[in-house]
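Raw start.txt, compact mmCIF, C-alpha atoms and all ligand atoms:
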```
# COMPACT_ATOMS: atom_id res chain seq x y z
CA VAL A 6 16.98 1.61 15.82
CA LEU A 7 14.15 3.01 13.66
CA SER A 8 12.41 5.15 16.26
CA ASP A 9 14.70 8.23 16.23
CA PRO A 10 14.80 8.42 12.42
CA LEU A 11 11.03 7.95 12.24
CA ARG A 12 10.57 10.83 14.69
CA SER A 13 12.60 13.00 12.31
CA VAL A 14 10.35 11.84 9.47
CA GLU A 15 7.31 13.03 11.45
CA VAL A 16 8.89 16.47 11.85
CA GLN A 17 9.68 16.59 8.13
CA LEU A 18 6.12 15.58 7.21
CA ARG A 19 4.60 18.36 9.29
CA GLU A 20 7.09 20.92 7.96
CA ALA A 21 6.30 19.86 4.41
CA VAL A 22 2.56 20.40 4.76
CA GLY A 23 2.62 23.15 7.39
CA GLY A 24 2.79 26.16 5.09
CA VAL A 25 -0.36 25.45 3.10
CA HIS A 26 -3.19 27.80 4.10
CA GLY A 27 -6.92 27.33 4.00
CA VAL A 28 -9.15 24.30 3.97
CA VAL A 29 -6.97 22.36 1.52
CA GLY A 30 -3.93 22.87 3.78
CA ASP A 31 -5.92 21.89 6.88
CA THR A 32 -7.16 18.77 5.11
CA ALA A 33 -3.66 17.80 3.99
CA MET A 34 -2.37 18.31 7.56
CA SER A 35 -5.17 16.25 9.04
CA LEU A 36 -4.30 13.42 6.63
CA VAL A 37 -0.71 13.57 7.87
CA GLU A 38 -1.81 13.68 11.51
CA THR A 39 -4.33 10.85 11.27
CA GLY A 40 -1.24 8.73 11.10
CA GLY A 41 -1.08 5.17 9.95
CA LYS A 42 1.68 2.66 10.49
CA ARG A 43 4.35 4.65 8.58
CA LEU A 44 5.35 1.35 7.07
CA ARG A 45 6.90 2.81 3.93
CA PRO A 46 9.16 5.30 5.80
CA ALA A 47 10.19 2.38 8.02
CA LEU A 48 11.18 0.44 4.89
CA VAL A 49 13.24 3.39 3.61
CA VAL A 50 15.09 3.80 6.90
CA ALA A 51 15.58 0.07 7.52
CA SER A 52 16.88 -0.45 3.97
CA ALA A 53 19.41 2.36 4.42
CA ILE A 54 20.57 0.84 7.72
CA ALA A 55 20.67 -2.65 6.19
CA THR A 56 22.94 -1.22 3.50
CA ARG A 57 25.46 0.76 5.53
CA GLY A 58 24.64 0.41 9.23
CA PRO A 59 22.98 2.87 11.64
CA GLY A 60 25.27 5.69 10.45
CA ALA A 61 23.55 5.56 7.05
CA VAL A 62 20.57 7.60 8.22
CA THR A 63 21.44 10.94 6.64
CA GLY A 64 19.13 13.85 5.80
CA LEU A 65 18.75 12.27 2.37
CA VAL A 66 17.25 9.12 3.90
CA ILE A 67 14.82 11.09 6.09
CA GLU A 68 13.74 13.16 3.09
CA ALA A 69 13.17 10.07 0.95
CA ALA A 70 11.15 8.52 3.80
CA ALA A 71 8.97 11.63 4.18
CA ALA A 72 8.43 11.84 0.41
CA VAL A 73 7.22 8.23 0.09
CA GLU A 74 4.79 8.73 2.97
CA LEU A 75 3.41 11.91 1.39
CA LEU A 76 2.98 10.04 -1.90
CA HIS A 77 1.23 7.20 -0.06
CA LEU A 78 -1.14 9.61 1.75
CA ALA A 79 -1.89 11.41 -1.53
CA SER A 80 -2.67 8.13 -3.26
CA LEU A 81 -5.04 7.02 -0.48
CA CYS A 82 -6.82 10.38 -0.53
CA HIS A 83 -7.33 10.09 -4.30
CA ASP A 84 -8.19 6.40 -3.97
CA ASP A 85 -11.01 7.25 -1.57
CA VAL A 86 -12.40 9.70 -4.11
CA LEU A 87 -12.19 7.04 -6.84
CA ASP A 88 -13.72 4.34 -4.62
CA CYS A 89 -16.34 6.71 -3.12
CA ALA A 90 -15.04 5.41 0.24
CA GLU A 91 -16.62 6.89 3.33
CA VAL A 92 -14.24 5.79 6.07
CA ARG A 93 -10.44 5.77 6.34
CA ARG A 94 -8.53 4.86 9.49
CA GLY A 95 -11.69 4.89 11.54
CA HIS A 96 -12.59 8.47 10.54
CA ALA A 97 -14.75 9.96 7.82
CA SER A 98 -12.63 10.08 4.67
CA ALA A 99 -11.57 13.49 3.30
CA ASN A 100 -14.02 13.24 0.39
CA VAL A 101 -16.88 12.75 2.84
CA SER A 102 -15.73 15.43 5.31
CA TRP A 103 -14.87 18.14 2.79
CA GLY A 104 -16.16 16.92 -0.57
CA ASN A 105 -14.40 15.54 -3.64
CA ARG A 106 -12.97 18.88 -4.78
CA VAL A 107 -11.12 19.58 -1.54
CA ALA A 108 -10.03 15.93 -1.28
CA VAL A 109 -8.56 15.92 -4.79
CA LEU A 110 -6.75 19.19 -4.12
CA ALA A 111 -5.49 18.03 -0.72
CA GLY A 112 -4.08 14.93 -2.43
CA ASP A 113 -2.47 17.20 -5.03
CA VAL A 114 -0.89 19.30 -2.27
CA LEU A 115 0.52 16.20 -0.58
CA LEU A 116 1.90 15.02 -3.90
CA SER A 117 3.40 18.39 -4.78
CA ARG A 118 5.05 18.63 -1.35
CA ALA A 119 6.50 15.18 -1.93
CA PHE A 120 7.92 16.42 -5.25
CA CYS A 121 9.39 19.51 -3.51
CA ILE A 122 11.25 17.24 -1.10
CA VAL A 123 12.35 14.93 -3.88
CA SER A 124 13.69 17.85 -5.91
CA GLU A 125 16.40 18.13 -3.21
CA LEU A 126 17.48 14.52 -3.68
CA ARG A 127 20.05 13.24 -6.16
CA SER A 128 19.03 12.67 -9.75
CA ARG A 129 18.72 8.89 -9.65
CA GLU A 130 16.50 8.92 -6.54
CA ARG A 131 14.49 11.73 -8.14
CA ALA A 132 13.99 9.70 -11.31
CA ARG A 133 13.00 6.61 -9.36
CA PHE A 134 10.41 8.53 -7.36
CA CYS A 135 8.81 10.00 -10.50
CA GLN A 136 8.68 6.60 -12.20
CA THR A 137 7.00 5.17 -9.12
CA VAL A 138 4.19 7.72 -9.27
CA GLU A 139 3.60 6.73 -12.87
CA VAL A 140 3.62 2.98 -12.15
CA MET A 141 1.15 3.48 -9.26
CA CYS A 142 -1.18 5.41 -11.54
CA ALA A 143 -0.91 2.66 -14.19
CA GLY A 144 -1.74 0.03 -11.54
CA GLN A 145 -4.73 2.03 -10.40
CA VAL A 146 -5.86 2.51 -14.01
CA ALA A 147 -5.58 -1.26 -14.56
CA GLU A 148 -7.77 -1.84 -11.52
CA THR A 149 -10.26 0.78 -12.68
CA HIS A 150 -10.51 -0.96 -16.07
CA MET A 151 -11.44 -4.17 -14.29
CA GLN A 152 -14.05 -2.47 -12.11
CA PHE A 153 -17.54 -3.80 -12.78
CA GLU A 154 -15.99 -6.18 -15.32
CA ARG A 155 -16.98 -9.81 -15.49
CA SER A 156 -13.71 -10.56 -17.27
CA ALA A 157 -11.46 -9.71 -14.27
CA SER A 158 -8.66 -12.30 -14.12
CA VAL A 159 -5.95 -13.47 -11.73
CA PRO A 160 -3.09 -12.18 -13.96
CA GLY A 161 -4.91 -8.86 -14.35
CA TYR A 162 -5.32 -8.61 -10.58
CA GLN A 163 -1.67 -9.48 -9.95
CA SER A 164 -0.42 -6.90 -12.36
CA ALA A 165 -2.71 -4.18 -10.94
CA ILE A 166 -1.60 -4.75 -7.33
CA ARG A 167 2.07 -4.96 -8.29
CA GLY A 168 1.61 -1.47 -9.71
CA LYS A 169 -0.67 0.20 -7.22
CA THR A 170 0.89 -1.22 -4.03
CA GLY A 171 4.01 -3.28 -4.83
CA ALA A 172 5.76 -0.45 -6.66
CA LEU A 173 5.83 1.92 -3.68
CA PHE A 174 7.02 -0.80 -1.30
CA ALA A 175 9.78 -1.74 -3.78
CA SER A 176 10.76 1.88 -4.31
CA SER A 177 10.78 2.64 -0.59
CA CYS A 178 13.42 -0.06 -0.13
CA TRP A 179 15.30 0.97 -3.25
CA LEU A 180 15.34 4.65 -2.25
CA GLY A 181 16.62 3.92 1.26
CA ALA A 182 19.35 1.67 -0.10
CA SER A 183 20.25 4.08 -2.89
CA ALA A 184 20.47 7.03 -0.49
CA ALA A 185 22.95 4.90 1.46
CA ASP A 186 24.96 4.24 -1.74
CA ALA A 187 24.13 0.55 -2.05
CA SER A 188 25.68 -1.69 -4.70
CA GLU A 189 23.51 -2.81 -7.64
CA SER A 190 23.09 -6.31 -6.20
CA LEU A 191 21.95 -4.93 -2.88
CA LEU A 192 19.58 -2.48 -4.56
CA SER A 193 17.94 -5.22 -6.55
CA ALA A 194 17.67 -7.61 -3.57
CA LEU A 195 15.99 -4.94 -1.43
CA GLU A 196 13.76 -3.85 -4.28
CA ARG A 197 12.66 -7.48 -4.80
CA TYR A 198 11.98 -7.80 -1.06
CA GLY A 199 9.79 -4.68 -1.15
CA GLY A 200 7.85 -5.72 -4.24
CA GLU A 201 7.06 -9.17 -2.86
CA LEU A 202 6.13 -7.72 0.54
CA GLY A 203 3.85 -5.10 -1.02
CA THR A 204 2.10 -7.73 -3.12
CA ALA A 205 1.47 -9.88 -0.04
CA PHE A 206 0.33 -6.82 1.91
CA GLN A 207 -2.30 -5.94 -0.71
CA MET A 208 -3.55 -9.54 -0.81
CA LEU A 209 -4.05 -9.43 2.95
CA ASP A 210 -5.84 -6.10 2.66
CA ASP A 211 -8.16 -7.71 0.11
CA VAL A 212 -8.96 -10.63 2.44
CA HIS A 213 -9.51 -8.16 5.29
CA ASP A 214 -11.95 -6.25 3.12
CA LEU A 215 -14.26 -9.26 3.06
CA ARG A 216 -14.08 -9.85 6.78
CA ALA A 217 -13.47 -6.58 8.47
CA ASP A 218 -15.97 -5.41 11.01
CA GLY A 219 -14.40 -1.98 10.82
CA ALA A 220 -12.70 -2.14 14.22
CA GLU A 221 -9.58 -3.89 12.93
CA THR A 222 -8.96 -2.00 9.73
CA GLY A 223 -10.75 1.30 10.28
CA LYS A 224 -12.45 0.67 6.94
CA PRO A 225 -15.96 -0.52 6.17
CA CYS A 226 -16.56 -4.11 5.21
CA ALA A 227 -16.78 -5.27 1.57
CA ALA A 228 -15.76 -1.90 0.14
CA ASP A 229 -14.18 -3.67 -2.85
CA LEU A 230 -17.38 -5.54 -3.74
CA ARG A 231 -19.33 -2.32 -3.37
CA ALA A 232 -16.90 -0.54 -5.72
CA GLY A 233 -17.07 -3.41 -8.23
CA VAL A 234 -13.42 -4.37 -7.63
CA VAL A 235 -12.96 -8.12 -8.02
CA THR A 236 -10.02 -9.16 -5.84
CA LEU A 237 -8.09 -12.43 -5.54
CA PRO A 238 -10.24 -14.12 -2.84
CA ALA A 239 -13.31 -13.60 -5.04
CA LEU A 240 -11.53 -14.73 -8.21
CA LEU A 241 -10.32 -17.90 -6.49
CA ALA A 242 -13.75 -18.49 -4.96
CA LEU A 243 -15.08 -19.09 -8.48
CA HIS A 244 -13.30 -22.45 -8.44
CA ASP A 245 -15.55 -23.76 -5.63
CA ASP A 246 -18.63 -21.69 -6.42
CA PRO A 247 -18.77 -21.00 -10.17
CA GLY A 248 -22.24 -19.50 -9.77
CA LEU A 249 -20.58 -16.44 -8.20
CA GLY A 250 -19.44 -15.49 -11.70
CA GLU A 251 -22.93 -14.14 -12.35
CA LEU A 252 -22.61 -11.69 -9.47
CA LEU A 253 -18.95 -10.66 -9.35
CA GLY A 254 -18.24 -7.40 -11.10
CA SER A 255 -21.93 -6.42 -11.11
CA ASP A 256 -23.53 -3.43 -9.51
CA LEU A 257 -24.83 -5.15 -6.35
CA ASP A 258 -27.28 -3.94 -3.76
CA GLU A 259 -26.43 -4.23 -0.05
CA GLN A 260 -28.16 -7.60 0.34
CA GLU A 261 -26.33 -9.05 -2.67
CA ILE A 262 -23.02 -7.67 -1.39
CA ASP A 263 -23.51 -9.51 1.86
CA GLU A 264 -24.52 -12.68 0.02
CA VAL A 265 -21.42 -12.55 -2.22
CA ARG A 266 -19.20 -11.80 0.77
CA CYS A 267 -20.53 -14.81 2.69
CA ARG A 268 -20.32 -17.08 -0.34
CA VAL A 269 -16.72 -16.06 -1.04
CA LEU A 270 -15.80 -16.67 2.60
CA ALA A 271 -17.49 -20.08 2.49
CA THR A 272 -15.05 -21.17 -0.26
CA ARG A 273 -11.30 -21.68 -0.07
CA GLY A 274 -10.73 -18.32 -1.81
CA GLY A 275 -9.64 -16.55 1.38
CA VAL A 276 -7.34 -19.34 2.59
CA ARG A 277 -5.81 -19.75 -0.86
CA THR A 278 -5.17 -15.99 -1.03
CA LEU A 279 -3.44 -16.11 2.35
CA GLU A 280 -1.33 -19.06 1.14
CA ILE A 281 -0.33 -17.17 -2.00
CA ALA A 282 0.46 -14.07 0.09
CA ARG A 283 2.63 -16.23 2.35
CA GLY A 284 4.53 -17.42 -0.74
CA HIS A 285 5.30 -13.80 -1.59
CA VAL A 286 6.51 -13.16 1.98
CA GLU A 287 8.80 -16.21 1.73
CA ARG A 288 10.26 -14.84 -1.49
CA ALA A 289 10.71 -11.43 0.20
CA LEU A 290 12.60 -13.08 3.06
CA SER A 291 14.76 -15.20 0.81
CA SER A 292 15.72 -12.11 -1.15
CA LEU A 293 17.11 -10.65 2.09
CA SER A 294 19.27 -13.69 2.67
CA GLU A 295 20.87 -13.50 -0.79
CA VAL A 296 23.01 -10.48 0.12
CA GLY A 297 25.12 -9.32 3.05
CA LEU A 298 23.12 -6.82 5.12
CA PHE A 299 23.78 -4.99 8.37
CA PRO A 300 21.79 -6.84 11.05
CA GLU A 301 20.47 -3.59 12.58
CA GLY A 302 18.55 -2.95 9.36
CA LYS A 303 17.88 -6.53 8.35
CA ALA A 304 16.11 -7.36 11.64
CA PRO A 305 13.30 -4.79 11.20
CA LEU A 306 12.89 -5.83 7.54
CA VAL A 307 12.49 -9.45 8.65
CA SER A 308 10.05 -8.55 11.39
CA ILE A 309 7.92 -6.39 9.04
CA ALA A 310 7.75 -9.38 6.66
CA GLU A 311 6.85 -11.71 9.51
CA SER A 312 4.01 -9.44 10.59
CA VAL A 313 2.59 -9.80 7.07
CA ARG A 314 3.16 -13.58 7.10
CA GLN A 315 1.24 -14.01 10.35
CA PRO A 316 -1.55 -11.48 10.09
CA VAL A 317 -3.66 -10.84 13.14
CA GLY A 318 -7.42 -10.89 12.81
CA LEU A 319 -7.60 -13.35 9.92
CA ALA A 320 -7.57 -16.51 12.00
CA GLY A 321 -11.13 -17.45 11.10
CA VAL A 322 -10.89 -17.25 7.30
CA ALA A 323 -12.80 -20.26 5.97
C1 LIG B 1 -5.44 1.61 -2.14
O1 LIG B 1 -6.03 0.47 -2.68
C2 LIG B 1 -4.81 2.44 -3.22
C3 LIG B 1 -3.54 2.35 -3.61
C4 LIG B 1 -2.61 1.40 -3.00
C5 LIG B 1 -2.97 3.21 -4.68
C6 LIG B 1 -3.92 4.17 -5.32
C7 LIG B 1 -3.25 4.86 -6.44
C8 LIG B 1 -3.77 5.93 -7.08
C9 LIG B 1 -5.08 6.53 -6.69
C10 LIG B 1 -3.05 6.54 -8.24
C11 LIG B 1 -1.82 7.26 -7.81
C12 LIG B 1 -2.15 8.48 -7.04
C13 LIG B 1 -1.23 9.41 -6.77
C14 LIG B 1 -1.59 10.61 -5.98
C15 LIG B 1 0.13 9.25 -7.24
P1 LIG B 1 -7.31 -0.18 -2.01
O2 LIG B 1 -8.52 0.57 -2.45
O3 LIG B 1 -7.28 -1.63 -2.29
O4 LIG B 1 -7.00 0.03 -0.49
P2 LIG B 1 -7.93 0.54 0.66
O5 LIG B 1 -8.65 -0.70 1.11
O6 LIG B 1 -6.98 1.04 1.72
O7 LIG B 1 -8.83 1.61 0.12
MG MG B 2 -9.73 1.95 -1.67
```
Give the structure from this file in structure tokens form.
Amino acid sequence: VLSDPLRSVEVQLREAVGGVHGVVGDTAMSLVETGGKRLRPALVVASAIATRGPGAVTGLVIEAAAAVELLHLASLCHDDVLDCAEVRRGHASANVSWGNRVAVLAGDVLLSRAFCIVSELRSRERARFCQTVEVMCAGQVAETHMQFERSASVPGYQSAIRGKTGALFASSCWLGASAADASESLLSALERYGGELGTAFQMLDDVHDLRADGAETGKPCAADLRAGVVTLPALLALHDDPGLGELLGSDLDEQEIDEVRCRVLATRGGVRTLEIARGHVERALSSLSEVGLFPEGKAPLVSIAESVRQPVGLAGVA
């Protein structure tokens, strides 16, 4: 039920970025074409269908779905500049291929094209989209403040990921439902689902970061430790291995990074993080059962949540 609408989203994405000339335009297009799971557009479309059935997928829904994906791609492109990341989705990141200047501008182009699309939406979806950009930036700023900081804390981490990742998941659901004229109770149930799902998703990403061999995630291993970002598995690892406190949040060399990575994985930090993530998925799912939804939209929302509850490739965590 999602595949036709998602094909329309792909067309809209290419149209949105197609007219930009020069290296910045080419870079923006290659970021669109390198793909990804298109999870956020799927949430927009599924939330619209869950609200009003398959007939709910209007041009407004497709536009909202394309805009959230462009925002997501822009944020990753800027994130790679901030993190000095070298690999994204198995390819050299834009900052490595074309340099920071082009990468920042390509991210700006993606963001401005998202705003162009959003300017055609209704005022409350427009306002929601703009607020989301601001909340994502605040989440990223919160994370940046904790970078190379010994005082990183679990509440600080939770609030940063709710902003940088949870907000766009929540808004994707909200926008899809709103474009389908959902009631307030439905809007808030779907928004809660998205926020909880996004939080769980980021926690999984943070466990993956410690384990990934690159093949599964298309990203290099231990990028967070390298960037001085102290994530939940590492924070929870301090319980079993308090000595790690000396190392976390420091500027580590490659040998120390590998030592910290192995020590974190030897604790229950990874398993505990997965348990906490699972709790968020449960809350996401229970939010869906609090309201009456069209099954054609509810089913994909449930299966997206289940794919986050039972992640592949993390079987061997501690
Ligand atoms: C990835 O985190 C980054 C985000 C989820 C959001 C980044 C947000 C910004 C840079 C600010 C907002 C930017 C715009 C253009 C509005 P990660 O580093 O944990 O994920 P990764 O492992 O995929 O790099
Ligand atoms: Mg990053």
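One distance worth recording is that between atom CA of A:Leu249 and atom CA of A:Ala232, which is 16.5 Å.
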With all atoms listed in the file counted and 10 Å as the cut-off, give the residues of chain A in contact with ligand MG 2 (chain B), each with its shortest interatomic distance in Å and the pair that gives it, as a Markdown table.
```
| residue | atom | partner | partner_atom | distance |
| --- | --- | --- | --- | --- |
| A:Ser80 | CA | B:MG2 | MG | 9.5 |
| A:Leu81 | CA | B:MG2 | MG | 7.0 |
| A:Cys82 | CA | B:MG2 | MG | 9.0 |
| A:His83 | CA | B:MG2 | MG | 8.9 |
| A:Asp84 | CA | B:MG2 | MG | 5.2 |
| A:Asp85 | CA | B:MG2 | MG | 5.5 |
| A:Val86 | CA | B:MG2 | MG | 8.6 |
| A:Leu87 | CA | B:MG2 | MG | 7.7 |
| A:Asp88 | CA | B:MG2 | MG | 5.5 |
| A:Cys89 | CA | B:MG2 | MG | 8.3 |
| A:Ala90 | CA | B:MG2 | MG | 6.6 |
| A:Glu91 | CA | B:MG2 | MG | 9.8 |
| A:Val92 | CA | B:MG2 | MG | 9.7 |
| A:Arg93 | CA | B:MG2 | MG | 8.9 |
| A:Asp210 | CA | B:MG2 | MG | 9.9 |
| A:Asp211 | CA | B:MG2 | MG | 9.9 |
| A:Asp214 | CA | B:MG2 | MG | 9.8 |
| A:Lys224 | CA | B:MG2 | MG | 9.1 |
| A:Ala228 | CA | B:MG2 | MG | 7.4 |
| A:Asp229 | CA | B:MG2 | MG | 7.3 |
| A:Ala232 | CA | B:MG2 | MG | 8.6 |
| A:Val234 | CA | B:MG2 | MG | 9.4 |
```
Distance criterion (all atoms listed in the file): nearest to ligand LIG 1 (chain B) out of A:Ala79, A:Leu18, A:Leu115, A:Leu180: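 Ranking A:Ala79, A:Leu18, A:Leu115, A:Leu180 by distance to ligand LIG 1 (chain B), first place goes to A:Ala79.
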Contacts of A:Arg12 within 12 Å, all atoms listed in the file, excl. fewer than 6 positions in-chain, as a PyMOL selection string: chain A and resi 6+18-19+43+46-47+50+67+70-71
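Here atom C5 of ligand LIG 1 (chain B) stands at a distance of 4.6 Å from atom CA of A:Lys169.
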Pick from A:Val107, A:Ala21, A:Met208, A:Arg197 nearest to ligand LIG 1 (chain B), counting all atoms listed in the file: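 Looking only at the distances to ligand LIG 1 (chain B), the closest residue turns out to be A:Met208.
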Tell me which protein, DNA and RNA residues are within 12 Å of A:Ala33, counting all atoms listed in the file, leaving out same-chain ones fewer than 5 positions away, and put them as a PDB file with C-alpha atoms, keeping the file's coordinate frame.
```pdb
ATOM      1  CA  LEU A  18       6.120  15.580   7.210  1.00  0.00           C
ATOM      2  CA  ARG A  19       4.600  18.360   9.290  1.00  0.00           C
ATOM      3  CA  GLU A  20       7.090  20.920   7.960  1.00  0.00           C
ATOM      4  CA  ALA A  21       6.300  19.860   4.410  1.00  0.00           C
ATOM      5  CA  VAL A  22       2.560  20.400   4.760  1.00  0.00           C
ATOM      6  CA  GLY A  23       2.620  23.150   7.390  1.00  0.00           C
ATOM      7  CA  GLY A  24       2.790  26.160   5.090  1.00  0.00           C
ATOM      8  CA  VAL A  25      -0.360  25.450   3.100  1.00  0.00           C
ATOM      9  CA  HIS A  26      -3.190  27.800   4.100  1.00  0.00           C
ATOM     10  CA  GLY A  27      -6.920  27.330   4.000  1.00  0.00           C
ATOM     11  CA  VAL A  28      -9.150  24.300   3.970  1.00  0.00           C
ATOM     12  CA  GLU A  38      -1.810  13.680  11.510  1.00  0.00           C
ATOM     13  CA  THR A  39      -4.330  10.850  11.270  1.00  0.00           C
ATOM     14  CA  GLY A  40      -1.240   8.730  11.100  1.00  0.00           C
ATOM     15  CA  LEU A  75       3.410  11.910   1.390  1.00  0.00           C
ATOM     16  CA  LEU A  76       2.980  10.040  -1.900  1.00  0.00           C
ATOM     17  CA  LEU A  78      -1.140   9.610   1.750  1.00  0.00           C
ATOM     18  CA  ALA A  79      -1.890  11.410  -1.530  1.00  0.00           C
ATOM     19  CA  LEU A  81      -5.040   7.020  -0.480  1.00  0.00           C
ATOM     20  CA  CYS A  82      -6.820  10.380  -0.530  1.00  0.00           C
ATOM     21  CA  HIS A  83      -7.330  10.090  -4.300  1.00  0.00           C
ATOM     22  CA  SER A  98     -12.630  10.080   4.670  1.00  0.00           C
ATOM     23  CA  ALA A  99     -11.570  13.490   3.300  1.00  0.00           C
ATOM     24  CA  ASN A 100     -14.020  13.240   0.390  1.00  0.00           C
ATOM     25  CA  TRP A 103     -14.870  18.140   2.790  1.00  0.00           C
ATOM     26  CA  VAL A 107     -11.120  19.580  -1.540  1.00  0.00           C
ATOM     27  CA  ALA A 108     -10.030  15.930  -1.280  1.00  0.00           C
ATOM     28  CA  VAL A 109      -8.560  15.920  -4.790  1.00  0.00           C
ATOM     29  CA  LEU A 110      -6.750  19.190  -4.120  1.00  0.00           C
ATOM     30  CA  ALA A 111      -5.490  18.030  -0.720  1.00  0.00           C
ATOM     31  CA  GLY A 112      -4.080  14.930  -2.430  1.00  0.00           C
ATOM     32  CA  ASP A 113      -2.470  17.200  -5.030  1.00  0.00           C
ATOM     33  CA  VAL A 114      -0.890  19.300  -2.270  1.00  0.00           C
ATOM     34  CA  LEU A 115       0.520  16.200  -0.580  1.00  0.00           C
ATOM     35  CA  LEU A 116       1.900  15.020  -3.900  1.00  0.00           C
ATOM     36  CA  SER A 117       3.400  18.390  -4.780  1.00  0.00           C
ATOM     37  CA  ARG A 118       5.050  18.630  -1.350  1.00  0.00           C
TER      38      ARG A 118
END
```
Residues near stretch 185-192 of chain A, cut-off 10 Å, all atoms listed in the file, skip fewer than 5 positions along chain, as a ChimeraX atom specification: /A:50,52-58,60-63,65-66,175-176,178-180,197-198,292-293,295-298
Dump C-alpha atoms for the selected residues as a PDB file, in the coordinates of the input?
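What follows is the written file out14.pdb:
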```pdb
ATOM      1  CA  VAL A  50      15.090   3.800   6.900  1.00  0.00           C
ATOM      2  CA  SER A  52      16.880  -0.450   3.970  1.00  0.00           C
ATOM      3  CA  ALA A  53      19.410   2.360   4.420  1.00  0.00           C
ATOM      4  CA  ILE A  54      20.570   0.840   7.720  1.00  0.00           C
ATOM      5  CA  ALA A  55      20.670  -2.650   6.190  1.00  0.00           C
ATOM      6  CA  THR A  56      22.940  -1.220   3.500  1.00  0.00           C
ATOM      7  CA  ARG A  57      25.460   0.760   5.530  1.00  0.00           C
ATOM      8  CA  GLY A  58      24.640   0.410   9.230  1.00  0.00           C
ATOM      9  CA  GLY A  60      25.270   5.690  10.450  1.00  0.00           C
ATOM     10  CA  ALA A  61      23.550   5.560   7.050  1.00  0.00           C
ATOM     11  CA  VAL A  62      20.570   7.600   8.220  1.00  0.00           C
ATOM     12  CA  THR A  63      21.440  10.940   6.640  1.00  0.00           C
ATOM     13  CA  LEU A  65      18.750  12.270   2.370  1.00  0.00           C
ATOM     14  CA  VAL A  66      17.250   9.120   3.900  1.00  0.00           C
ATOM     15  CA  ALA A 175       9.780  -1.740  -3.780  1.00  0.00           C
ATOM     16  CA  SER A 176      10.760   1.880  -4.310  1.00  0.00           C
ATOM     17  CA  CYS A 178      13.420  -0.060  -0.130  1.00  0.00           C
ATOM     18  CA  TRP A 179      15.300   0.970  -3.250  1.00  0.00           C
ATOM     19  CA  LEU A 180      15.340   4.650  -2.250  1.00  0.00           C
ATOM     20  CA  ARG A 197      12.660  -7.480  -4.800  1.00  0.00           C
ATOM     21  CA  TYR A 198      11.980  -7.800  -1.060  1.00  0.00           C
ATOM     22  CA  SER A 292      15.720 -12.110  -1.150  1.00  0.00           C
ATOM     23  CA  LEU A 293      17.110 -10.650   2.090  1.00  0.00           C
ATOM     24  CA  GLU A 295      20.870 -13.500  -0.790  1.00  0.00           C
ATOM     25  CA  VAL A 296      23.010 -10.480   0.120  1.00  0.00           C
ATOM     26  CA  GLY A 297      25.120  -9.320   3.050  1.00  0.00           C
ATOM     27  CA  LEU A 298      23.120  -6.820   5.120  1.00  0.00           C
TER      28      LEU A 298
END
```
For atom CA of A:Gly275 and atom CA of A:Thr222, the interatomic separation in Å (one decimal):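 Pair atom CA of A:Gly275 / atom CA of A:Thr222 returns 16.8 Å.
Among the candidates A:Glu287, A:Gly95, A:Val276, A:Gly181, the one nearest to ligand LIG 1 (chain B) when counting only C-alpha atoms and all ligand atoms is A:Gly95.
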Pick from A:Ala147, A:Ala184, A:Leu7, A:Ala310, whichever lies nearest to A:Leu126 using all atoms listed in the file: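 Distance minimum relative to A:Leu126 lands on A:Ala184.
For the residues A:Glu261, A:Glu130, A:Glu139, A:Glu15, ranking by smallest atom-to-atom distance to ligand LIG 1 (chain B) using all atoms listed in the file places A:Glu139 first.
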Distance query 12 Å from (-21.1, -13.3, -11.4) using all atoms listed in the file, result as a PyMOL selection string: chain A and resi 153-157+230+233+235+239-240+242-243+246-257+261-262+264-265+268-269
Nearest candidate to ligand LIG 1 (chain B) (options A:Gly302, A:Gly203, A:Pro238, A:Gly284; using only C-alpha atoms and all ligand atoms):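 That would be A:Gly203, the residue with the smallest distance to ligand LIG 1 (chain B).
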Hey, could you patch up stretch 194-201 of chain A with N, CA and C atoms and hand it over as a JSON list (two decimals), keeping the file's coordinate frame?
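Saved result, part_22.json, follows:
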```json
[["chain", "number", "residue", "atom", "x", "y", "z"],
["A", 194, "ALA", "N", 18.20, -6.68, -4.60],
["A", 194, "ALA", "CA", 17.67, -7.61, -3.57],
["A", 194, "ALA", "C", 16.63, -6.90, -2.69],
["A", 195, "LEU", "N", 16.93, -5.67, -2.30],
["A", 195, "LEU", "CA", 15.99, -4.94, -1.43],
["A", 195, "LEU", "C", 14.73, -4.54, -2.19],
["A", 196, "GLU", "N", 14.91, -4.20, -3.44],
["A", 196, "GLU", "CA", 13.76, -3.85, -4.28],
["A", 196, "GLU", "C", 12.84, -5.08, -4.44],
["A", 197, "ARG", "N", 13.44, -6.23, -4.64],
["A", 197, "ARG", "CA", 12.66, -7.48, -4.80],
["A", 197, "ARG", "C", 11.91, -7.77, -3.49],
["A", 198, "TYR", "N", 12.61, -7.62, -2.38],
["A", 198, "TYR", "CA", 11.98, -7.80, -1.06],
["A", 198, "TYR", "C", 10.73, -6.91, -0.96],
["A", 199, "GLY", "N", 10.90, -5.64, -1.28],
["A", 199, "GLY", "CA", 9.79, -4.68, -1.15],
["A", 199, "GLY", "C", 8.62, -5.02, -2.06],
["A", 200, "GLY", "N", 8.92, -5.39, -3.29],
["A", 200, "GLY", "CA", 7.85, -5.72, -4.24],
["A", 200, "GLY", "C", 7.04, -6.92, -3.80],
["A", 201, "GLU", "N", 7.75, -7.95, -3.32],
["A", 201, "GLU", "CA", 7.06, -9.17, -2.86],
["A", 201, "GLU", "C", 6.23, -8.86, -1.60]]
```
